[in-house]
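data_36.cif (mmCIF, C-alpha atoms and all ligand atoms)
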data_upload
#
loop_
_atom_site.label_atom_id
_atom_site.label_comp_id
_atom_site.auth_asym_id
_atom_site.auth_seq_id
_atom_site.Cartn_x
_atom_site.Cartn_y
_atom_site.Cartn_z
CA MET V 1 194.46 53.50 63.74
CA THR V 2 192.76 50.18 64.33
CA ARG V 3 190.59 49.01 61.45
CA PHE V 4 187.03 47.92 62.10
CA VAL V 5 184.06 46.50 60.29
CA ASP V 6 180.48 47.76 60.62
CA LEU V 7 178.12 44.97 59.56
CA HIS V 8 174.84 46.71 60.38
CA CYS V 9 173.92 50.32 59.62
CA HIS V 10 171.15 52.32 57.98
CA ILE V 11 173.44 54.60 56.06
CA LEU V 12 171.56 54.65 52.74
CA PRO V 13 169.16 57.60 52.39
CA TYR V 14 165.50 57.53 51.34
CA VAL V 15 165.04 53.78 51.81
CA ASP V 16 164.02 53.25 55.46
CA ASP V 17 164.13 55.11 58.80
CA GLY V 18 167.89 55.63 58.48
CA ALA V 19 169.65 58.57 56.84
CA LEU V 20 167.02 61.08 55.74
CA ARG V 21 169.00 62.80 53.00
CA THR V 22 172.13 62.28 50.93
CA GLU V 23 174.06 64.74 53.14
CA GLU V 24 173.25 62.70 56.25
CA SER V 25 174.32 59.52 54.54
CA GLU V 26 177.64 61.06 53.54
CA GLU V 27 178.17 62.46 57.01
CA LEU V 28 177.60 59.00 58.46
CA LEU V 29 180.22 57.57 56.14
CA ASP V 30 182.66 60.32 57.16
CA MET V 31 182.03 59.51 60.82
CA LEU V 32 182.59 55.80 60.29
CA TYR V 33 185.81 56.47 58.43
CA GLN V 34 187.07 58.81 61.14
CA GLN V 35 186.31 56.17 63.74
CA GLY V 36 188.57 53.70 61.98
CA VAL V 37 185.93 51.68 60.14
CA ARG V 38 187.25 50.38 56.83
CA VAL V 39 184.54 47.91 55.87
CA VAL V 40 180.88 48.93 55.93
CA CYS V 41 177.84 46.86 55.14
CA ALA V 42 174.74 48.94 54.41
CA THR V 43 171.71 47.08 55.74
CA PRO V 44 168.41 48.83 54.95
CA HIS V 45 165.33 47.37 56.60
CA LEU V 46 163.00 45.04 54.76
CA ARG V 47 159.80 44.72 56.76
CA HIS V 48 156.27 43.92 55.68
CA ARG V 49 153.97 46.98 55.63
CA MET V 50 156.71 49.18 57.08
CA PHE V 51 159.87 49.18 54.98
CA GLU V 52 159.33 47.66 51.56
CA THR V 53 161.81 49.52 49.35
CA PRO V 54 162.76 47.15 46.51
CA ASP V 55 166.35 45.97 46.12
CA ASP V 56 166.70 47.87 42.83
CA GLU V 57 166.12 51.19 44.56
CA ILE V 58 168.56 50.49 47.35
CA ARG V 59 171.15 49.48 44.74
CA LEU V 60 170.86 52.96 43.22
CA GLN V 61 171.44 54.61 46.59
CA PHE V 62 174.30 52.24 47.29
CA ALA V 63 175.96 53.23 44.00
CA GLU V 64 175.67 56.90 45.03
CA LEU V 65 177.33 56.18 48.35
CA GLN V 66 180.10 54.22 46.66
CA ALA V 67 180.67 57.16 44.30
CA TYR V 68 180.96 59.48 47.31
CA ALA V 69 183.50 57.15 48.97
CA ASP V 70 185.46 57.13 45.71
CA ARG V 71 185.39 60.93 45.46
CA ARG V 72 186.72 61.16 49.01
CA ALA V 73 189.36 58.55 48.11
CA TYR V 74 188.44 56.55 51.19
CA SER V 75 190.27 53.24 51.42
CA MET V 76 187.08 51.52 52.37
CA ARG V 77 185.14 48.45 51.21
CA LEU V 78 181.39 48.91 50.98
CA PHE V 79 178.90 46.05 50.82
CA LEU V 80 175.17 46.00 50.33
CA SER V 81 172.88 43.73 52.30
CA ARG V 82 169.63 44.10 54.20
CA GLU V 83 168.23 43.71 57.69
CA TYR V 84 165.36 41.27 57.16
CA HIS V 85 162.47 41.34 59.58
CA CYS V 86 161.26 37.78 60.06
CA ASP V 87 157.90 37.96 58.32
CA LYS V 88 156.14 37.08 55.06
CA LEU V 89 158.41 39.31 52.95
CA LEU V 90 161.45 37.36 54.14
CA GLN V 91 159.58 34.12 53.34
CA GLU V 92 158.97 35.40 49.81
CA ARG V 93 162.61 36.38 49.31
CA LEU V 94 163.73 32.98 50.58
CA GLN V 95 161.40 31.23 48.15
CA ALA V 96 162.56 33.43 45.29
CA GLY V 97 166.22 32.95 46.22
CA THR V 98 166.83 36.71 46.23
CA ILE V 99 168.33 37.16 49.69
CA LEU V 100 171.13 39.73 49.91
CA CYS V 101 173.60 38.03 52.23
CA LEU V 102 176.38 39.82 54.07
CA GLY V 103 179.33 39.99 51.67
CA ALA V 104 180.14 36.85 49.76
CA GLY V 105 179.09 34.49 52.52
CA SER V 106 175.77 32.86 53.39
CA THR V 107 174.98 34.94 56.46
CA VAL V 108 171.71 36.83 56.59
CA LEU V 109 171.02 39.62 59.09
CA VAL V 110 167.60 39.03 60.66
CA GLU V 111 165.58 40.92 63.22
CA PHE V 112 162.51 40.05 65.25
CA SER V 113 159.75 42.14 66.74
CA HIS V 114 158.95 42.51 70.40
CA LEU V 115 156.04 40.15 69.77
CA HIS V 116 158.08 37.17 68.59
CA ASP V 117 158.25 34.56 71.31
CA TYR V 118 161.19 32.24 71.86
CA ALA V 119 159.64 29.32 70.00
CA SER V 120 159.10 31.50 66.96
CA ILE V 121 162.67 32.84 67.02
CA LEU V 122 164.00 29.31 67.35
CA GLY V 123 161.76 28.24 64.48
CA TRP V 124 163.15 30.93 62.19
CA VAL V 125 166.74 30.05 63.10
CA THR V 126 166.12 26.38 62.41
CA ASP V 127 164.33 27.14 59.15
CA LEU V 128 167.06 29.47 57.87
CA ARG V 129 169.74 26.92 58.72
CA GLY V 130 167.73 24.26 56.96
CA GLN V 131 167.74 26.39 53.83
CA GLY V 132 171.50 26.81 53.93
CA TYR V 133 171.70 30.28 55.48
CA GLN V 134 173.58 31.39 58.55
CA PRO V 135 171.26 33.66 60.55
CA LEU V 136 172.87 36.59 62.34
CA ILE V 137 170.40 37.85 64.96
CA ALA V 138 170.40 41.65 64.93
CA HIS V 139 170.62 43.48 68.29
CA VAL V 140 170.00 40.37 70.37
CA GLU V 141 169.84 42.48 73.52
CA ARG V 142 166.51 44.04 72.57
CA TYR V 143 164.10 41.12 72.52
CA PRO V 144 161.77 40.55 75.48
CA ALA V 145 161.58 36.85 74.56
CA LEU V 146 165.31 36.45 75.23
CA GLU V 147 166.00 39.03 77.90
CA GLY V 148 167.66 37.60 80.98
CA SER V 149 167.97 34.06 79.63
CA LEU V 150 171.52 33.04 78.85
CA ASP V 151 170.18 29.55 78.18
CA LYS V 152 167.89 30.72 75.38
CA VAL V 153 170.61 32.72 73.64
CA SER V 154 173.00 29.83 74.09
CA SER V 155 170.47 27.41 72.58
CA LEU V 156 169.98 29.64 69.55
CA ILE V 157 173.75 29.62 69.01
CA GLN V 158 173.81 25.85 69.36
CA LYS V 159 171.10 25.68 66.70
CA GLY V 160 173.37 27.61 64.36
CA ALA V 161 172.56 31.27 64.93
CA MET V 162 175.13 33.98 65.33
CA VAL V 163 174.52 37.00 67.52
CA GLN V 164 175.00 40.72 66.85
CA MET V 165 174.84 43.46 69.49
CA ASN V 166 174.65 47.23 69.09
CA ALA V 167 177.53 49.40 70.26
CA CYS V 168 175.12 51.91 71.82
CA SER V 169 173.61 49.19 74.04
CA VAL V 170 177.01 48.14 75.34
CA LEU V 171 177.82 51.77 76.16
CA GLY V 172 174.58 52.22 78.11
CA HIS V 173 172.96 54.68 75.72
CA GLU V 174 169.81 52.58 75.46
CA GLY V 175 169.29 52.51 79.22
CA MET V 176 171.02 50.71 82.04
CA ARG V 177 168.74 47.68 82.00
CA GLN V 178 169.70 46.94 78.39
CA ALA V 179 173.35 47.71 79.18
CA ARG V 180 173.40 45.22 82.06
CA TRP V 181 171.89 42.49 79.91
CA SER V 182 174.27 43.30 77.05
CA ARG V 183 177.31 43.17 79.28
CA LYS V 184 176.16 39.88 80.81
CA LEU V 185 175.96 38.35 77.34
CA LEU V 186 179.46 39.63 76.59
CA ARG V 187 180.82 38.20 79.83
CA GLU V 188 179.51 34.82 78.77
CA SER V 189 180.97 35.16 75.25
CA LEU V 190 177.50 34.84 73.72
CA VAL V 191 178.06 37.61 71.17
CA HIS V 192 179.80 37.29 67.81
CA VAL V 193 179.56 40.79 66.32
CA ILE V 194 179.33 44.37 67.55
CA ALA V 195 177.95 46.81 64.98
CA SER V 196 176.70 50.39 65.02
CA ASP V 197 173.10 50.03 63.76
CA SER V 198 173.53 53.77 63.17
CA HIS V 199 170.60 55.64 61.60
CA ASP V 200 171.74 59.27 61.54
CA PRO V 201 174.63 61.45 62.68
CA VAL V 202 172.87 63.00 65.70
CA ASP V 203 170.28 60.80 67.40
CA ARG V 204 171.62 57.37 66.45
CA PRO V 205 175.25 57.93 65.43
CA PRO V 206 177.94 55.27 65.04
CA GLU V 207 179.77 54.83 68.33
CA LEU V 208 182.24 52.18 67.36
CA ASP V 209 185.39 53.94 68.51
CA ALA V 210 184.04 54.50 72.01
CA CYS V 211 182.75 50.94 72.08
CA GLN V 212 186.05 49.40 71.08
CA ARG V 213 187.85 51.35 73.81
CA TYR V 214 185.29 50.14 76.33
CA LEU V 215 185.54 46.54 75.16
CA ARG V 216 189.32 46.47 75.19
CA LYS V 217 189.23 47.48 78.84
CA LYS V 218 186.41 45.20 79.89
CA VAL V 219 186.80 42.01 77.86
CA GLY V 220 190.34 42.30 76.54
CA ASP V 221 191.90 43.02 73.17
CA ALA V 222 191.35 39.55 71.71
CA TYR V 223 187.59 39.43 72.19
CA ALA V 224 187.20 43.12 71.25
CA GLU V 225 188.97 42.48 67.95
CA ALA V 226 186.98 39.32 67.31
CA LEU V 227 183.73 41.22 67.81
CA MET V 228 184.56 44.25 65.74
CA ARG V 229 186.88 42.95 63.06
CA ASP V 230 187.72 39.24 62.82
CA ASN V 231 184.26 37.70 63.11
CA PRO V 232 182.66 40.27 60.77
CA MET V 233 185.46 39.66 58.26
CA GLN V 234 184.79 35.92 58.42
CA ILE V 235 181.08 36.51 57.91
CA LEU V 236 181.81 38.60 54.83
CA SER V 237 184.17 35.86 53.63
CA MET V 238 186.98 38.40 53.49
CA ILE V 239 189.20 36.11 55.53
CA GLU V 240 189.37 32.33 55.85
CA LYS V 241 187.05 30.60 58.25
CA GLU V 242 189.31 28.92 60.76
CA ASN V 243 187.02 28.22 63.68
CA ILE V 244 183.39 28.74 64.46
CA PRO V 245 183.16 32.54 64.47
CA HIS V 246 183.02 33.19 68.18
CA ALA V 247 184.98 34.79 70.93
CA ASN V 248 188.66 34.29 70.24
CA ASN V 249 189.47 34.26 73.87
CA GLN V 250 186.53 33.02 75.84
CA ALA V 251 188.44 32.48 79.04
CA GLU V 252 189.66 36.05 79.07
CA ALA V 253 186.16 37.31 78.34
CA ARG V 254 184.65 35.28 81.15
CA GLU V 255 187.16 36.46 83.70
CA ALA V 256 186.72 40.09 82.79
CA THR V 257 184.44 42.18 84.94
CA LEU V 258 182.11 44.55 83.23
FE FE R 1 168.99 47.98 62.18
#
Can I see the file as structure tokens?
Amino acid sequence: MTRFVDLHCHILPYVDDGALRTEESEELLDMLYQQGVRVVCATPHLRHRMFETPDDEIRLQFAELQAYADRRAYSMRLFLSREYHCDKLLQERLQAGTILCLGAGSTVLVEFSHLHDYASILGWVTDLRGQGYQPLIAHVERYPALEGSLDKVSSLIQKGAMVQMNACSVLGHEGMRQARWSRKLLRESLVHVIASDSHDPVDRPPELDACQRYLRKKVGDAYAEALMRDNPMQILSMIEKENIPHANNQAEAREATL
């Protein structure tokens, strides 16, 4: 079975709007394992006035999940990071130097609200880069400020951002409008990482196996593997950085029809 990485999921229970209970969290891990995922990064939300669970508490839940993976004898690597909403809490963590990056690298998963305009998103990307972090924009396909503008997404990448997209969006489970925009970004090779952003086993499950089958058909094996394994592994610093993490085969991706 092909091995994948999931860089963005809300698998830890009791810390945000992800898994509600321990059983759900464990079921999510089982599902990821069965889908061929062998590296998982738990990314609980950190958002001002909405999700403010301290890092210490999420570390406890992470240890429980690791213990479950050990009991099941899963050959799986688990990492702990966060999905940082770009707000004053992120500012505070940056000032305190307490950012939980993805793996051993300097990449930080960041999300924006529907109210962030393009200038603000660009400002955050520039600021994070200036402070030595590599911003990975979570579910790029969702933001009204970017929707429909390949130029804006391209400019953010040129300014040093990387781009993550949700598997469910690619598959059309978030509506056809979002699917069309997602697939357009993929055709233009403007995506670096596909992740599940799964929250629970029923309503927002991981759909990485279905997504990888879809991608292999539509953009080719090379780009599919870059999106779901090679680029995430580079971000986690689990493999050497050879090139800018990007589509391995841009020409093939461009020619593909979605
Ligand atoms: Fe998320």
- May I ask you to write as a PyMOL selection string all residues lying at most 10 Å from ligand FE 1 (chain R), with all atoms listed in the file counted? chain V and resi 7-10+16-18+42-46+82-85+109-111+138-139+166+195-199
- Which residue of V:Ile157, V:Leu90, V:Met233, V:Ala96 approaches Thr126 (chain V) most closely, using only C-alpha atoms: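 For Thr126 (chain V), the nearest of the candidates is V:Ile157.
With distances restricted to all atoms listed in the file, V:Gly160 is the closest residue to Gly123 (chain V) from V:Gly105, V:Gly220, V:Gly97, V:Gly160.
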- With distances taken over all atoms listed in the file, the candidate from V:Leu94, V:Ile11, V:Val163, V:Ala63 nearest Cys41 (chain V) is V:Ile11
- Would you mind listing what lies within 7 Å of region 179-185 of chain V as a VMD selection string, with all atoms listed in the file counted and same-chain residues fewer than 4 positions away left out? chain V and resid 141 148 169 to 172 175 189 to 191 258
Using only C-alpha atoms, tabulate the residues of region 180-211 of chain V lying at most 10 Å from any atom of region 20-31 of chain V, each with its closest atom pair and that distance in Å to one decimal, by chain and increasing residue number, as CSV.
residue,atom,partner,partner_atom,distance
V:Ser198,CA,V:Leu28,CA,8.1
V:His199,CA,V:Leu28,CA,8.4
V:Asp200,CA,V:Glu24,CA,6.5
V:Pro201,CA,V:Leu28,CA,5.7
V:Val202,CA,V:Glu24,CA,9.5
V:Pro205,CA,V:Leu28,CA,7.4
V:Pro206,CA,V:Met31,CA,7.2
V:Glu207,CA,V:Met31,CA,9.1
V:Leu208,CA,V:Met31,CA,9.8
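Between Ala73 (chain V) and the candidates V:Thr107, V:Val219, V:Val125, V:Tyr33, the tightest atom-to-atom separation, counting all atoms listed in the file, involves V:Tyr33.
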